[in-house]
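Engineer: Sending over upload.txt (compact mmCIF, C-alpha atoms).
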```
# COMPACT_ATOMS: atom_id res chain seq x y z
CA MET V 9 -37.04 -39.82 -23.20
CA ARG V 10 -35.15 -41.62 -25.90
CA PRO V 11 -31.59 -42.75 -25.18
CA ALA V 12 -30.19 -40.58 -27.99
CA ALA V 13 -31.76 -37.45 -26.45
CA VAL V 14 -30.35 -38.34 -23.02
CA ILE V 15 -26.87 -38.74 -24.52
CA LYS V 16 -27.18 -35.37 -26.30
CA ILE V 17 -28.26 -33.61 -23.07
CA LEU V 18 -25.50 -35.26 -21.04
CA GLY V 19 -22.96 -34.39 -23.76
CA ALA V 20 -24.07 -30.74 -23.78
CA ALA V 21 -23.93 -30.59 -19.98
CA LEU V 22 -20.48 -32.15 -20.03
CA LEU V 23 -19.27 -29.58 -22.58
CA ILE V 24 -20.63 -26.71 -20.45
CA ILE V 25 -18.95 -28.10 -17.33
CA MET V 26 -15.64 -28.59 -19.16
CA GLY V 27 -15.82 -25.08 -20.63
CA THR V 28 -16.47 -23.59 -17.21
CA ALA V 29 -13.64 -25.62 -15.70
CA LEU V 30 -11.21 -24.26 -18.29
CA VAL V 31 -12.32 -20.61 -18.01
CA THR V 32 -12.29 -20.43 -14.19
CA PRO V 33 -8.55 -21.08 -13.71
CA VAL V 34 -7.77 -18.43 -16.33
CA ALA V 35 -9.95 -15.91 -14.49
CA LEU V 36 -8.37 -16.87 -11.17
CA ALA V 37 -4.89 -16.54 -12.66
CA ASP V 38 -5.76 -13.07 -13.99
CA GLU V 39 -7.16 -12.13 -10.58
CA GLN V 40 -4.03 -13.38 -8.83
CA ASP V 41 -1.81 -11.44 -11.25
CA CYS V 42 -3.85 -8.32 -10.55
CA ILE V 43 -3.59 -8.85 -6.78
CA ASN V 44 0.17 -9.39 -7.08
CA ALA V 45 0.47 -6.14 -9.05
CA CYS V 46 -1.45 -4.35 -6.28
CA ALA V 47 0.87 -5.82 -3.66
CA ASP V 48 3.94 -4.78 -5.65
CA GLN V 49 2.59 -1.23 -5.97
CA TRP V 50 1.94 -1.14 -2.21
CA GLN V 51 5.52 -2.22 -1.55
CA GLN V 52 6.78 0.60 -3.77
CA ASP V 53 4.49 3.16 -2.11
CA LYS V 54 5.56 1.97 1.35
CA ALA V 55 9.24 2.16 0.42
CA GLU V 56 8.71 5.71 -0.85
CA CYS V 57 6.99 6.70 2.42
CA ASP V 58 9.80 5.10 4.42
CA GLN V 59 12.43 6.92 2.36
CA GLN V 60 10.69 10.28 2.74
CA LEU V 61 10.55 9.79 6.52
CA ALA V 62 14.20 8.70 6.70
CA ASP V 63 15.32 11.71 4.64
CA ARG V 64 13.30 14.14 6.74
CA MET V 65 14.54 12.64 10.01
CA ALA V 66 18.14 12.90 8.79
CA GLU V 67 17.58 16.59 8.04
CA LEU V 68 16.07 17.12 11.48
CA ASP V 69 18.92 15.26 13.19
CA GLN V 70 21.32 17.63 11.47
CA GLU V 71 19.20 20.59 12.55
CA ALA V 72 19.18 19.33 16.15
CA GLN V 73 22.97 18.97 16.06
CA GLU V 74 23.25 22.56 14.83
CA CYS V 75 21.01 23.70 17.70
CA LEU V 76 23.43 22.20 20.19
CA GLU V 77 26.53 23.53 18.44
CA ASN V 78 25.31 27.07 17.76
CA ASN V 79 23.64 27.84 21.10
CA SER V 80 25.88 28.18 24.12
CA ASN V 81 22.92 29.19 26.26
CA PRO V 82 21.07 26.01 27.43
CA ILE V 83 17.68 27.73 27.28
CA ASP V 84 18.16 28.78 23.66
CA ALA V 85 19.38 25.30 22.79
CA ALA V 86 16.34 23.75 24.47
CA LEU V 87 13.97 26.08 22.62
CA CYS V 88 15.67 25.23 19.35
CA LEU V 89 15.44 21.48 20.09
CA ARG V 90 11.77 21.93 20.98
CA GLU V 91 11.13 23.33 17.50
CA VAL V 92 13.03 20.42 15.96
CA ASN V 93 10.96 17.94 17.97
CA ILE V 94 7.75 19.61 16.78
CA LYS V 95 9.00 19.16 13.19
CA ARG V 96 9.74 15.49 13.96
CA TYR V 97 6.20 15.02 15.19
CA ARG V 98 4.88 16.60 11.98
CA ALA V 99 7.16 14.38 9.89
CA LYS V 100 5.77 11.28 11.62
CA ALA V 101 2.22 12.52 11.01
CA ASP V 102 3.09 13.04 7.33
CA TYR V 103 4.44 9.47 7.26
CA GLN V 104 1.18 8.16 8.72
CA ARG V 105 -0.81 10.06 6.08
CA CYS V 106 1.45 8.66 3.36
CA MET V 107 1.00 5.10 4.64
CA SER V 108 -2.74 5.58 4.99
CA MET V 109 -2.92 6.69 1.36
CA ALA V 110 -0.79 3.73 0.25
CA ASN V 111 -3.04 1.33 2.18
CA THR V 112 -6.19 2.90 0.75
CA MET V 113 -4.88 2.73 -2.80
CA ALA V 114 -3.84 -0.91 -2.32
CA TYR V 115 -7.24 -1.85 -0.93
CA ASP V 116 -9.04 -0.10 -3.78
CA CYS V 117 -6.82 -1.91 -6.26
CA TYR V 118 -7.55 -5.24 -4.55
CA ARG V 119 -11.30 -4.59 -4.62
CA HIS V 120 -11.06 -3.77 -8.32
CA CYS V 121 -9.26 -7.08 -8.94
CA THR V 122 -11.80 -9.18 -7.06
CA SER V 123 -14.85 -7.38 -8.41
CA ARG V 124 -13.81 -8.16 -12.00
CA SER V 125 -14.03 -11.91 -11.39
CA THR V 126 -17.29 -11.81 -9.47
CA PRO V 127 -20.31 -12.52 -11.66
```
Could you express the structure from this file as structure tokens?
Structural biologist:
Amino acid sequence: MRPAAVIKILGAALLIIMGTALVTPVALADEQDCINACADQWQQDKAECDQQLADRMAELDQEAQECLENNSNPIDAALCLREVNIKRYRAKADYQRCMSMANTMAYDCYRHCTSRSTP
């Protein structure tokens, strides 16, 4: 091979390597931005789930207080508190479903971010 041809091939290879080196950080930066957006959305979803649970528990605490105040008979008060505790259990189950959905959506978002950069 002539020296001029070798220089041309090495120059072309060098240009390809430089071009790849410049494009990869941009793709990684876009991927990281996407992942950060997914994490921010998860934080918002989690905060919403936490707020819903806190609001519902505050309502149920008030309801439990009313059970104690309005029922002079201990058996009636206990039955009323039992119903409130069942509602608390359901509220916690709703919270778990909410968090499960938030986690699933965050994972799907993350997979979407990483699959875009994979060749």
Engineer: Name all residues at most 12 Å from Cys75 (chain V) (count only C-alpha atoms; drop same-chain ones fewer than 5 positions away) and give them as a ChimeraX atom specification.
Structural biologist: /V:68-70,80-93
Engineer: From the list V:Cys117, V:Tyr103, V:Arg96, V:Thr122, which residue is nearest Ala66 (chain V) when using all atoms listed in the file?
Structural biologist: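 Answer, going by the shortest atom-to-atom distance: V:Arg96.
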Engineer: What is the CA of Gln73 (chain V) to CA of Glu56 (chain V) distance in Å?
Structural biologist: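 Atom-to-atom, CA of Gln73 (chain V) to CA of Glu56 (chain V), that is 25.8 Å.
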Engineer: Measuring between all atoms listed in the file, which one of V:Ala101, V:Met107, V:Cys46, V:Leu76 shows the shortest distance to Asp58 (chain V)?
Structural biologist: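 Nearest to Asp58 (chain V): V:Met107.
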Engineer: Compare V:Ala110, V:Lys100, V:Arg64, V:Glu71 by their minimum atom-to-atom distance to Gln49 (chain V), counting all atoms listed in the file, and give me the closest one.
Structural biologist: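 The answer is V:Ala110, which sits nearest to Gln49 (chain V).
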Engineer: Write out as an mmCIF file with C-alpha atoms, keeping the file's coordinate frame which residues come within 12 Å of Thr112 (chain V) when counting all atoms listed in the file, dropping same-chain ones fewer than 6 positions away.
Structural biologist:
```
data_model
loop_
_atom_site.group_PDB
_atom_site.id
_atom_site.type_symbol
_atom_site.label_atom_id
_atom_site.label_comp_id
_atom_site.auth_asym_id
_atom_site.auth_seq_id
_atom_site.Cartn_x
_atom_site.Cartn_y
_atom_site.Cartn_z
ATOM 1 C CA CYS V 46 -1.450 -4.350 -6.280
ATOM 2 C CA GLN V 49 2.590 -1.230 -5.970
ATOM 3 C CA TRP V 50 1.940 -1.140 -2.210
ATOM 4 C CA ASP V 53 4.490 3.160 -2.110
ATOM 5 C CA LYS V 54 5.560 1.970 1.350
ATOM 6 C CA ARG V 105 -0.810 10.060 6.080
ATOM 7 C CA CYS V 106 1.450 8.660 3.360
ATOM 8 C CA TYR V 118 -7.550 -5.240 -4.550
ATOM 9 C CA ARG V 119 -11.300 -4.590 -4.620
#
```
Engineer: Taking all listed atoms of region 94-99 of chain V, build the axis-aligned box, pad each of the six sides by 5 Å, then write its centre and edge lengths in Å to one decimal as AutoDock Vina command-line options.
Structural biologist:
```
--center_x 7.3 --center_y 17.0 --center_z 13.3 --size_x 14.9 --size_y 15.2 --size_z 16.9
```
Engineer: Given the choices V:Leu61, V:Asn78, V:Tyr97, V:Ala114, which gets closest to Asp48 (chain V) if the distance is worked out from all atoms listed in the file?
Structural biologist: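 Looking only at the distances to Asp48 (chain V), the closest residue turns out to be V:Ala114.
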